[in-house]
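The file structure.pdb contains PDB, C-alpha atoms and all ligand atoms:
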```
ATOM      1  CA  MET A  28     -71.361 -98.832  38.914
ATOM      2  CA  ALA A  29     -68.275 -96.634  38.875
ATOM      3  CA  LYS A  30     -70.405 -93.741  40.110
ATOM      4  CA  LYS A  31     -71.686 -95.847  42.991
ATOM      5  CA  ILE A  32     -68.141 -96.747  44.040
ATOM      6  CA  VAL A  33     -67.119 -93.107  43.949
ATOM      7  CA  VAL A  34     -70.103 -92.194  46.152
ATOM      8  CA  ILE A  35     -69.215 -94.965  48.613
ATOM      9  CA  ILE A  36     -65.592 -93.853  48.730
ATOM     10  CA  VAL A  37     -66.615 -90.236  49.334
ATOM     11  CA  VAL A  38     -68.989 -91.290  52.128
ATOM     12  CA  ILE A  39     -66.341 -93.486  53.751
ATOM     13  CA  GLY A  40     -63.840 -90.654  53.408
ATOM     14  CA  ALA A  41     -66.194 -88.171  55.054
ATOM     15  CA  LEU A  42     -66.994 -90.578  57.892
ATOM     16  CA  ALA A  43     -63.349 -91.369  58.459
ATOM     17  CA  SER A  44     -62.512 -87.710  58.439
ATOM     18  CA  GLY A  45     -65.122 -86.928  61.074
ATOM     19  CA  LEU A  46     -63.984 -89.941  63.090
ATOM     20  CA  SER A  47     -60.378 -88.826  62.968
ATOM     21  CA  TRP A  48     -61.229 -85.398  64.354
ATOM     22  CA  MET A  49     -63.392 -86.996  67.031
ATOM     23  CA  LEU A  50     -60.524 -89.296  68.027
ATOM     24  CA  GLN A  51     -58.226 -86.333  68.133
ATOM     25  CA  LYS A  52     -60.553 -84.472  70.474
ATOM     26  CA  GLU A  53     -60.829 -87.498  72.761
ATOM     27  CA  GLN A  54     -57.080 -87.738  72.987
ATOM     28  CA  GLY A  55     -56.822 -84.074  73.856
ATOM     29  CA  MET A  56     -54.599 -83.344  70.880
ATOM     30  CA  SER A  57     -56.589 -80.262  69.972
ATOM     31  CA  HIS A  58     -57.489 -77.202  71.961
ATOM     32  CA  SER A  59     -60.715 -77.934  73.780
ATOM     33  CA  SER A  60     -63.240 -75.172  73.748
ATOM     34  CA  ALA A  61     -66.951 -74.805  74.371
ATOM     35  CA  ASN A  62     -67.366 -73.536  70.838
ATOM     36  CA  GLU A  63     -65.238 -75.382  68.332
ATOM     37  CA  GLU A  64     -67.708 -74.692  65.552
ATOM     38  CA  GLY A  65     -66.313 -72.535  62.825
ATOM     39  CA  LYS A  66     -62.678 -72.935  63.871
ATOM     40  CA  LEU A  67     -60.199 -73.648  61.119
ATOM     41  CA  ARG A  68     -59.127 -77.288  61.025
ATOM     42  CA  VAL A  69     -55.412 -77.314  60.391
ATOM     43  CA  VAL A  70     -53.250 -80.368  59.750
ATOM     44  CA  THR A  71     -49.463 -80.195  60.101
ATOM     45  CA  THR A  72     -46.630 -82.651  59.489
ATOM     46  CA  THR A  73     -43.475 -82.439  61.673
ATOM     47  CA  THR A  74     -43.473 -81.428  65.347
ATOM     48  CA  MET A  75     -41.547 -78.219  64.571
ATOM     49  CA  VAL A  76     -44.200 -77.093  62.085
ATOM     50  CA  THR A  77     -46.975 -78.118  64.501
ATOM     51  CA  ASP A  78     -45.390 -76.033  67.272
ATOM     52  CA  MET A  79     -45.089 -72.957  65.044
ATOM     53  CA  VAL A  80     -48.671 -73.213  63.770
ATOM     54  CA  LYS A  81     -50.123 -73.735  67.271
ATOM     55  CA  ILE A  82     -48.258 -70.696  68.588
ATOM     56  CA  ILE A  83     -49.469 -68.455  65.761
ATOM     57  CA  GLY A  84     -52.997 -69.852  65.544
ATOM     58  CA  GLY A  85     -53.653 -70.050  69.286
ATOM     59  CA  GLU A  86     -57.207 -70.852  70.304
ATOM     60  CA  ARG A  87     -58.630 -69.711  66.971
ATOM     61  CA  ILE A  88     -57.660 -72.951  65.217
ATOM     62  CA  LEU A  89     -57.707 -76.727  65.769
ATOM     63  CA  VAL A  90     -54.353 -78.300  64.983
ATOM     64  CA  GLN A  91     -53.659 -81.952  64.297
ATOM     65  CA  GLY A  92     -49.969 -82.826  63.905
ATOM     66  CA  LEU A  93     -49.420 -86.051  61.967
ATOM     67  CA  MET A  94     -45.854 -86.833  63.084
ATOM     68  CA  GLY A  95     -45.089 -87.220  66.770
ATOM     69  CA  PRO A  96     -41.811 -87.028  68.730
ATOM     70  CA  GLY A  97     -39.060 -89.312  67.445
ATOM     71  CA  VAL A  98     -40.704 -89.730  64.031
ATOM     72  CA  ASP A  99     -38.424 -89.572  60.977
ATOM     73  CA  PRO A 100     -40.133 -87.379  58.349
ATOM     74  CA  HIS A 101     -37.941 -88.653  55.468
ATOM     75  CA  SER A 102     -39.350 -92.160  55.677
ATOM     76  CA  TYR A 103     -42.802 -91.294  57.070
ATOM     77  CA  GLN A 104     -45.665 -92.932  55.174
ATOM     78  CA  VAL A 105     -49.220 -91.587  55.290
ATOM     79  CA  THR A 106     -51.553 -93.804  57.352
ATOM     80  CA  PHE A 107     -55.268 -94.383  56.789
ATOM     81  CA  ARG A 108     -55.990 -92.024  59.665
ATOM     82  CA  ASP A 109     -53.719 -89.330  58.190
ATOM     83  CA  THR A 110     -55.555 -89.536  54.878
ATOM     84  CA  ALA A 111     -58.813 -88.902  56.688
ATOM     85  CA  ALA A 112     -57.311 -85.984  58.615
ATOM     86  CA  LEU A 113     -55.904 -84.475  55.421
ATOM     87  CA  GLN A 114     -59.300 -84.791  53.735
ATOM     88  CA  GLY A 115     -61.032 -83.014  56.607
ATOM     89  CA  ALA A 116     -58.510 -80.171  56.850
ATOM     90  CA  ASP A 117     -59.160 -76.574  55.830
ATOM     91  CA  ILE A 118     -55.424 -75.860  55.702
ATOM     92  CA  ILE A 119     -52.350 -78.099  55.612
ATOM     93  CA  PHE A 120     -48.871 -76.886  56.589
ATOM     94  CA  TYR A 121     -45.784 -78.971  55.925
ATOM     95  CA  SER A 122     -42.063 -78.295  56.208
ATOM     96  CA  GLY A 123     -41.134 -78.707  52.538
ATOM     97  CA  HIS A 124     -38.095 -79.029  50.264
ATOM     98  CA  HIS A 125     -38.736 -82.770  50.146
ATOM     99  CA  LEU A 126     -38.236 -83.312  53.867
ATOM    100  CA  GLU A 127     -41.486 -85.279  53.871
ATOM    101  CA  GLY A 128     -40.081 -87.393  51.033
ATOM    102  CA  LYS A 129     -42.753 -90.076  51.004
ATOM    103  CA  MET A 130     -45.657 -87.643  51.565
ATOM    104  CA  GLN A 131     -44.700 -85.206  48.825
ATOM    105  CA  ASP A 132     -46.962 -86.785  46.184
ATOM    106  CA  VAL A 133     -49.991 -86.838  48.482
ATOM    107  CA  LEU A 134     -49.452 -83.182  49.421
ATOM    108  CA  GLU A 135     -48.932 -82.068  45.830
ATOM    109  CA  LYS A 136     -52.030 -83.884  44.631
ATOM    110  CA  ARG A 137     -54.110 -82.336  47.391
ATOM    111  CA  ALA A 138     -52.682 -78.875  46.595
ATOM    112  CA  LYS A 139     -53.608 -79.234  42.932
ATOM    113  CA  LYS A 140     -57.129 -80.439  43.668
ATOM    114  CA  HIS A 141     -58.203 -78.291  46.618
ATOM    115  CA  GLY A 142     -55.463 -75.730  47.347
ATOM    116  CA  GLY A 143     -54.874 -74.741  50.976
ATOM    117  CA  VAL A 144     -51.537 -76.620  51.200
ATOM    118  CA  PHE A 145     -48.469 -74.624  52.255
ATOM    119  CA  ALA A 146     -44.794 -75.469  52.747
ATOM    120  CA  VAL A 147     -43.591 -73.155  55.538
ATOM    121  CA  THR A 148     -40.041 -73.122  54.118
ATOM    122  CA  ASP A 149     -41.373 -71.421  50.974
ATOM    123  CA  GLY A 150     -40.878 -68.279  53.073
ATOM    124  CA  ILE A 151     -37.087 -68.662  52.758
ATOM    125  CA  ALA A 152     -35.221 -66.983  49.899
ATOM    126  CA  LYS A 153     -33.379 -69.386  47.582
ATOM    127  CA  ALA A 154     -30.116 -67.570  48.333
ATOM    128  CA  ASP A 155     -30.382 -68.643  51.991
ATOM    129  CA  LEU A 156     -30.895 -72.330  51.151
ATOM    130  CA  LEU A 157     -28.025 -74.820  51.225
ATOM    131  CA  GLN A 158     -27.174 -77.325  48.516
ATOM    132  CA  PRO A 159     -26.236 -80.689  50.020
ATOM    133  CA  GLU A 160     -22.695 -81.864  49.300
ATOM    134  CA  GLU A 161     -24.071 -85.298  48.532
ATOM    135  CA  GLU A 162     -26.707 -85.823  45.887
ATOM    136  CA  PHE A 163     -30.223 -85.315  47.250
ATOM    137  CA  GLN A 164     -31.878 -85.633  43.826
ATOM    138  CA  GLY A 165     -30.906 -82.027  43.124
ATOM    139  CA  TYR A 166     -33.070 -80.665  45.964
ATOM    140  CA  TYR A 167     -32.044 -78.146  48.612
ATOM    141  CA  ASP A 168     -31.190 -79.261  52.138
ATOM    142  CA  PRO A 169     -34.566 -79.207  53.976
ATOM    143  CA  HIS A 170     -33.297 -78.989  57.620
ATOM    144  CA  ILE A 171     -33.848 -75.230  57.849
ATOM    145  CA  TRP A 172     -35.096 -75.174  61.473
ATOM    146  CA  GLY A 173     -31.475 -75.768  62.569
ATOM    147  CA  ASP A 174     -31.011 -71.995  62.177
ATOM    148  CA  PRO A 175     -33.549 -70.210  64.441
ATOM    149  CA  ALA A 176     -33.195 -66.872  62.609
ATOM    150  CA  LEU A 177     -33.906 -68.561  59.277
ATOM    151  CA  TRP A 178     -36.768 -70.579  60.778
ATOM    152  CA  ALA A 179     -38.297 -67.252  61.849
ATOM    153  CA  GLY A 180     -38.525 -66.488  58.125
ATOM    154  CA  CYS A 181     -41.161 -69.246  57.820
ATOM    155  CA  LEU A 182     -43.639 -67.527  60.148
ATOM    156  CA  SER A 183     -45.024 -65.237  57.433
ATOM    157  CA  VAL A 184     -46.250 -68.220  55.386
ATOM    158  CA  VAL A 185     -48.374 -69.367  58.337
ATOM    159  CA  VAL A 186     -49.620 -65.851  59.135
ATOM    160  CA  ASP A 187     -50.627 -65.190  55.517
ATOM    161  CA  ALA A 188     -52.408 -68.508  55.025
ATOM    162  CA  LEU A 189     -54.341 -68.314  58.309
ATOM    163  CA  SER A 190     -55.233 -64.656  57.730
ATOM    164  CA  GLU A 191     -56.590 -65.357  54.286
ATOM    165  CA  ALA A 192     -58.796 -68.165  55.578
ATOM    166  CA  ASP A 193     -59.809 -66.248  58.720
ATOM    167  CA  PRO A 194     -59.462 -62.477  58.130
ATOM    168  CA  ASN A 195     -60.964 -61.657  61.553
ATOM    169  CA  GLY A 196     -57.965 -63.300  63.186
ATOM    170  CA  ALA A 197     -55.342 -61.591  61.015
ATOM    171  CA  GLU A 198     -54.283 -59.086  63.635
ATOM    172  CA  GLN A 199     -53.885 -61.758  66.316
ATOM    173  CA  TYR A 200     -51.892 -64.029  64.000
ATOM    174  CA  GLN A 201     -49.601 -61.146  63.128
ATOM    175  CA  GLU A 202     -49.108 -60.204  66.772
ATOM    176  CA  ARG A 203     -48.335 -63.706  67.967
ATOM    177  CA  ALA A 204     -45.922 -64.289  65.094
ATOM    178  CA  GLY A 205     -44.159 -61.032  65.946
ATOM    179  CA  ARG A 206     -43.658 -62.086  69.549
ATOM    180  CA  TYR A 207     -42.475 -65.551  68.499
ATOM    181  CA  ARG A 208     -40.051 -64.028  65.982
ATOM    182  CA  ASP A 209     -38.469 -62.004  68.811
ATOM    183  CA  GLU A 210     -38.129 -65.190  70.897
ATOM    184  CA  LEU A 211     -36.484 -67.032  68.004
ATOM    185  CA  LEU A 212     -33.994 -64.221  67.429
ATOM    186  CA  ALA A 213     -33.182 -64.146  71.152
ATOM    187  CA  LEU A 214     -32.689 -67.923  71.011
ATOM    188  CA  HIS A 215     -30.298 -67.438  68.104
ATOM    189  CA  ASP A 216     -28.165 -64.976  70.089
ATOM    190  CA  TRP A 217     -28.191 -67.227  73.147
ATOM    191  CA  ALA A 218     -27.048 -70.250  71.077
ATOM    192  CA  ARG A 219     -24.243 -68.286  69.440
ATOM    193  CA  ALA A 220     -22.906 -67.139  72.817
ATOM    194  CA  ARG A 221     -23.162 -70.619  74.339
ATOM    195  CA  ILE A 222     -21.355 -72.332  71.430
ATOM    196  CA  GLY A 223     -18.634 -69.698  71.754
ATOM    197  CA  GLU A 224     -17.664 -71.498  74.977
ATOM    198  CA  ILE A 225     -16.340 -74.481  72.960
ATOM    199  CA  ALA A 226     -12.682 -74.282  71.878
ATOM    200  CA  PRO A 227     -12.650 -73.448  68.124
ATOM    201  CA  GLU A 228     -10.933 -76.724  67.097
ATOM    202  CA  GLN A 229     -13.583 -78.761  68.955
ATOM    203  CA  ARG A 230     -16.541 -77.035  67.293
ATOM    204  CA  VAL A 231     -17.416 -80.142  65.301
ATOM    205  CA  LEU A 232     -20.713 -81.980  65.311
ATOM    206  CA  VAL A 233     -20.538 -85.625  64.237
ATOM    207  CA  THR A 234     -23.956 -87.244  64.127
ATOM    208  CA  SER A 235     -26.146 -89.884  62.413
ATOM    209  CA  HIS A 236     -27.346 -87.981  59.339
ATOM    210  CA  ASP A 237     -26.773 -84.628  57.647
ATOM    211  CA  ALA A 238     -29.453 -82.681  59.514
ATOM    212  CA  PHE A 239     -27.307 -79.921  60.997
ATOM    213  CA  HIS A 240     -25.810 -77.915  58.126
ATOM    214  CA  TYR A 241     -28.033 -74.856  58.721
ATOM    215  CA  PHE A 242     -27.284 -75.137  62.429
ATOM    216  CA  GLY A 243     -23.573 -75.408  61.650
ATOM    217  CA  LYS A 244     -23.602 -72.430  59.309
ATOM    218  CA  ALA A 245     -25.518 -70.284  61.805
ATOM    219  CA  PHE A 246     -23.192 -71.022  64.707
ATOM    220  CA  ALA A 247     -19.845 -71.752  63.013
ATOM    221  CA  VAL A 248     -19.870 -75.463  63.854
ATOM    222  CA  GLU A 249     -18.365 -77.955  61.385
ATOM    223  CA  VAL A 250     -20.851 -80.742  60.664
ATOM    224  CA  LYS A 251     -20.329 -84.371  59.621
ATOM    225  CA  GLY A 252     -23.157 -86.865  59.206
ATOM    226  CA  LEU A 253     -22.743 -90.620  58.831
ATOM    227  CA  GLN A 254     -25.680 -90.719  56.424
ATOM    228  CA  GLY A 255     -26.588 -88.106  53.824
ATOM    229  CA  VAL A 256     -29.255 -85.411  53.934
ATOM    230  CA  SER A 257     -32.008 -88.028  53.837
ATOM    231  CA  THR A 258     -32.048 -91.039  56.153
ATOM    232  CA  ASN A 259     -33.183 -92.990  53.088
ATOM    233  CA  SER A 260     -29.573 -92.991  51.845
ATOM    234  CA  GLU A 261     -27.197 -95.752  52.931
ATOM    235  CA  SER A 262     -23.801 -95.134  54.466
ATOM    236  CA  GLY A 263     -21.079 -97.299  52.934
ATOM    237  CA  LEU A 264     -18.017 -98.819  54.574
ATOM    238  CA  LYS A 265     -15.851 -96.097  53.084
ATOM    239  CA  ASP A 266     -18.033 -93.332  54.608
ATOM    240  CA  ARG A 267     -17.628 -95.005  57.954
ATOM    241  CA  SER A 268     -13.844 -95.348  57.829
ATOM    242  CA  ASP A 269     -13.480 -91.766  56.555
ATOM    243  CA  LEU A 270     -15.528 -90.575  59.501
ATOM    244  CA  VAL A 271     -13.453 -92.625  61.960
ATOM    245  CA  ASP A 272     -10.246 -91.071  60.513
ATOM    246  CA  PHE A 273     -11.739 -87.599  60.792
ATOM    247  CA  ILE A 274     -12.764 -88.057  64.454
ATOM    248  CA  GLN A 275      -9.296 -89.342  65.369
ATOM    249  CA  ARG A 276      -7.458 -86.638  63.436
ATOM    250  CA  ARG A 277      -9.457 -83.914  65.165
ATOM    251  CA  ALA A 278      -9.256 -85.642  68.585
ATOM    252  CA  LEU A 279     -12.976 -85.052  69.156
ATOM    253  CA  LYS A 280     -14.291 -85.704  72.648
ATOM    254  CA  THR A 281     -17.865 -86.714  71.840
ATOM    255  CA  ILE A 282     -20.096 -87.657  68.903
ATOM    256  CA  PHE A 283     -23.892 -87.520  68.978
ATOM    257  CA  PRO A 284     -26.878 -89.827  68.353
ATOM    258  CA  GLU A 285     -30.208 -88.434  67.076
ATOM    259  CA  SER A 286     -33.690 -89.008  68.453
ATOM    260  CA  SER A 287     -35.288 -89.844  65.106
ATOM    261  CA  VAL A 288     -32.528 -92.116  63.731
ATOM    262  CA  ASN A 289     -31.368 -95.548  64.929
ATOM    263  CA  ALA A 290     -28.111 -95.020  66.877
ATOM    264  CA  LYS A 291     -26.522 -98.311  65.762
ATOM    265  CA  GLY A 292     -24.439 -96.703  63.007
ATOM    266  CA  ILE A 293     -23.086 -93.845  65.088
ATOM    267  CA  ARG A 294     -22.293 -96.223  67.985
ATOM    268  CA  ALA A 295     -20.281 -98.447  65.645
ATOM    269  CA  VAL A 296     -18.306 -95.401  64.467
ATOM    270  CA  ALA A 297     -17.677 -94.335  68.073
ATOM    271  CA  ALA A 298     -16.440 -97.797  69.048
ATOM    272  CA  GLU A 299     -14.054 -97.855  66.096
ATOM    273  CA  ALA A 300     -12.782 -94.324  66.690
ATOM    274  CA  GLY A 301     -12.497 -94.790  70.442
ATOM    275  CA  VAL A 302     -14.635 -91.769  71.211
ATOM    276  CA  GLN A 303     -17.633 -91.412  73.537
ATOM    277  CA  VAL A 304     -21.226 -91.151  72.352
ATOM    278  CA  SER A 305     -23.199 -88.425  74.126
ATOM    279  CA  GLU A 306     -25.650 -89.832  76.658
ATOM    280  CA  HIS A 307     -28.212 -87.324  75.343
ATOM    281  CA  GLU A 308     -29.705 -87.698  71.881
ATOM    282  CA  LEU A 309     -29.886 -84.625  69.688
ATOM    283  CA  PHE A 310     -33.273 -83.689  68.305
ATOM    284  CA  SER A 311     -32.722 -83.518  64.568
ATOM    285  CA  ASP A 312     -35.968 -83.967  62.630
ATOM    286  CA  ALA A 313     -38.437 -84.139  65.521
ATOM    287  CA  MET A 314     -38.793 -82.451  68.910
ATOM    288  CA  GLY A 315     -38.999 -84.308  72.248
ATOM    289  CA  GLU A 316     -42.070 -85.374  74.204
ATOM    290  CA  PRO A 317     -44.322 -82.437  75.126
ATOM    291  CA  GLY A 318     -43.988 -81.622  78.822
ATOM    292  CA  ASP A 319     -40.541 -83.245  79.120
ATOM    293  CA  THR A 320     -38.971 -80.265  80.866
ATOM    294  CA  VAL A 321     -35.384 -80.071  82.069
ATOM    295  CA  THR A 322     -33.514 -77.576  84.164
ATOM    296  CA  LEU A 323     -29.972 -77.110  82.996
ATOM    297  CA  HIS A 324     -27.485 -74.321  83.639
ATOM    298  CA  GLY A 325     -30.130 -72.402  85.569
ATOM    299  CA  GLU A 326     -32.740 -72.550  82.807
ATOM    300  CA  THR A 327     -35.905 -74.609  82.490
ATOM    301  CA  TYR A 328     -37.256 -75.572  79.079
ATOM    302  CA  ASP A 329     -39.659 -78.041  77.490
ATOM    303  CA  LYS A 330     -37.932 -80.447  75.107
ATOM    304  CA  GLY A 331     -41.284 -80.875  73.394
ATOM    305  CA  SER A 332     -41.131 -77.313  72.032
ATOM    306  CA  TYR A 333     -38.978 -75.935  69.231
ATOM    307  CA  ILE A 334     -37.207 -73.493  71.542
ATOM    308  CA  GLY A 335     -36.570 -76.287  74.084
ATOM    309  CA  MET A 336     -35.318 -78.561  71.311
ATOM    310  CA  ILE A 337     -32.690 -76.048  70.198
ATOM    311  CA  LYS A 338     -31.679 -75.286  73.806
ATOM    312  CA  HIS A 339     -31.296 -79.001  74.516
ATOM    313  CA  ASN A 340     -29.213 -79.520  71.363
ATOM    314  CA  VAL A 341     -26.936 -76.573  72.074
ATOM    315  CA  ASN A 342     -26.435 -77.503  75.747
ATOM    316  CA  THR A 343     -25.755 -81.145  74.784
ATOM    317  CA  LEU A 344     -23.203 -80.064  72.200
ATOM    318  CA  VAL A 345     -21.432 -77.608  74.486
ATOM    319  CA  ASP A 346     -21.358 -80.053  77.432
ATOM    320  CA  GLY A 347     -19.988 -82.792  75.155
ATOM    321  CA  LEU A 348     -17.243 -80.770  73.478
ATOM    322  CA  LYS A 349     -16.170 -78.189  76.035
TER     323      LYS A 349
HETATM  324 ZN    ZN A 401     -33.296 -85.232  58.205
END
```
Structure encoded using structure tokens:
Amino acid sequence: MAKKIVVIIVVIGALASGLSWMLQKEQGMSHSSANEEGKLRVVTTTTMVTDMVKIIGGERILVQGLMGPGVDPHSYQVTFRDTAALQGADIIFYSGHHLEGKMQDVLEKRAKKHGGVFAVTDGIAKADLLQPEEEFQGYYDPHIWGDPALWAGCLSVVVDALSEADPNGAEQYQERAGRYRDELLALHDWARARIGEIAPEQRVLVTSHDAFHYFGKAFAVEVKGLQGVSTNSESGLKDRSDLVDFIQRRALKTIFPESSVNAKGIRAVAAEAGVQVSEHELFSDAMGEPGDTVTLHGETYDKGSYIGMIKHNVNTLVDGLK
């Protein structure tokens, strides 16, 4: 009997997995190609990881990102469809350091059973990781993409994993990652110069949750979040009044909502402190909609890409505090 149930579950799993990939193709989420046979099926979690993997993998792989724009990875729960996608994947890339708090168990179990599961932030040396001020169960701060130069350190994890599974593509993966690394380092320099336009005493980012400490460290911006490193933590009344005091003491011009967190809390703080909330949301834990391009200060970028996300955040910050 038990055997029969196992067989049924496996069959359902296989069907669902095939169905999920078919759905994905219909929705145009994957690269369409006349010959998709033999391509690596890669599943990713956050939009930033999806972007990185698509850039490095190019047309050699099929990528299915589980979390879309505006999705909070801390509280994200695996859906039935995700389970099927994960089962059908050759390789899974996730961000790591407990960013995907509620998916961690699923990913670890899969890694133990089948292998092929990689946290891109495993490419970062421990010495470069930040310890949250507030307790995050003893884990490191996972918001590493806030620092483009550090984020570039994650590329090697993707290159190595893809190359091992598809040795014929190794050279291409390496090449694309090299070009992307150069773009990320150029982005880093651009952001540093742009933030330099803000008066030093105004270089303060007040936002919904503690997602910007790597960003702050990279670009010498002081960072205050209403909630802790995970959105699963609650902000108390005392946190709120401390933050209001801080904003008033520093005479800040603007504080900032985030695209993946409800803005209610930060709006309440702004009302109490008598400060404006930026009309643009910052992208903290998810990028914008793909194809949502803007032209600002003579530059055009897609807010649905990692590079566009950072450019949008930096421009929003500078325009709000300058
Ligand atoms: Zn976060």
Exercise. With the file shown as input, list the residues that the PyMOL selection byres (((chain A and resi 312-314) around 12) and not hetatm) selects, as a ChimeraX atom specification.
Key: /A:72-78,92-103,122,126-127,169-173,235-239,256-258,285-288,308-311,315-319,329-340
Quiz item: Which value, in Å to one decimal, gives the distance between atom CA of A:Leu323 and atom CA of A:Gln303?
Solution: 21.1 Å
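Pairwise distance (atom CA of A:Gln229, atom CA of A:Lys349) equals 7.6 Å.
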Practice problem: Fewer than 3 positions away in the same chain doesn't count, so skip those; otherwise give me all residues within 7 Å of stretch 207-221 of chain A, counting all atoms listed in the file, as number ranges by chain. | Solution: A: 175-176, 179, 203-204, 224, 246, 341
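Here atom CA of A:Ala146 is placed at a distance of 23.0 Å from atom CA of A:Gly243.
Nearest-residue note for ligand ZN 401 (chain A): choosing from A:Arg294, A:Lys265, A:His240, A:Lys140, the minimum distance belongs to A:His240, counting all atoms listed in the file.
Restricting the calculation to all atoms listed in the file, the smallest distance between A:Phe273 and any of A:Val69, A:Ala247, A:Ala111, A:Leu232 is found for A:Leu232.
Residue nearest ligand ZN 401 (chain A) within the list A:Tyr167, A:Phe107, A:Phe145, A:Phe120: A:Tyr167 [criterion: smallest interatomic distance, all atoms listed in the file].
The result of the PyMOL selection byres (((chain A and resi 149) around 10) and not hetatm) on the shown file is A:Ser122, A:Gly123, A:His124, A:Phe145, A:Ala146, A:Val147, A:Thr148, A:Gly150, A:Ile151, A:Ala152, A:Lys153, A:Gly180, A:Cys181, A:Ser183, A:Val184.
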Quiz item: Within 9 Å of (-49.8, -82.1, 52.7), in the coordinates the file gives, what residues turn up when you count all atoms listed in the file, written out as a list of chain:residue names?
Solution: A:Val70, A:Thr71, A:Thr72, A:Leu113, A:Ile118, A:Ile119, A:Phe120, A:Tyr121, A:Glu127, A:Met130, A:Gln131, A:Asp132, A:Val133, A:Leu134, A:Glu135, A:Lys136, A:Arg137, A:Ala138, A:Val144, A:Phe145, A:Ala146
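Minimum atom-to-atom distance to ligand ZN 401 (chain A), evaluated using all atoms listed in the file, belongs to A:Leu253 out of A:Ala188, A:Ala197, A:Leu253, A:Met79.
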Quiz prompt | Given only C-alpha atoms as the counted atoms, nearest of A:Lys251, A:His125, A:Arg277, A:Arg68 to A:Tyr166 | solution = A:His125
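Comparing the minimum interatomic distances between A:Glu198 and each of A:Gly292, A:Gly142, A:Gly84, A:Gly65, counting all atoms listed in the file, we find that A:Gly84 sits nearest.
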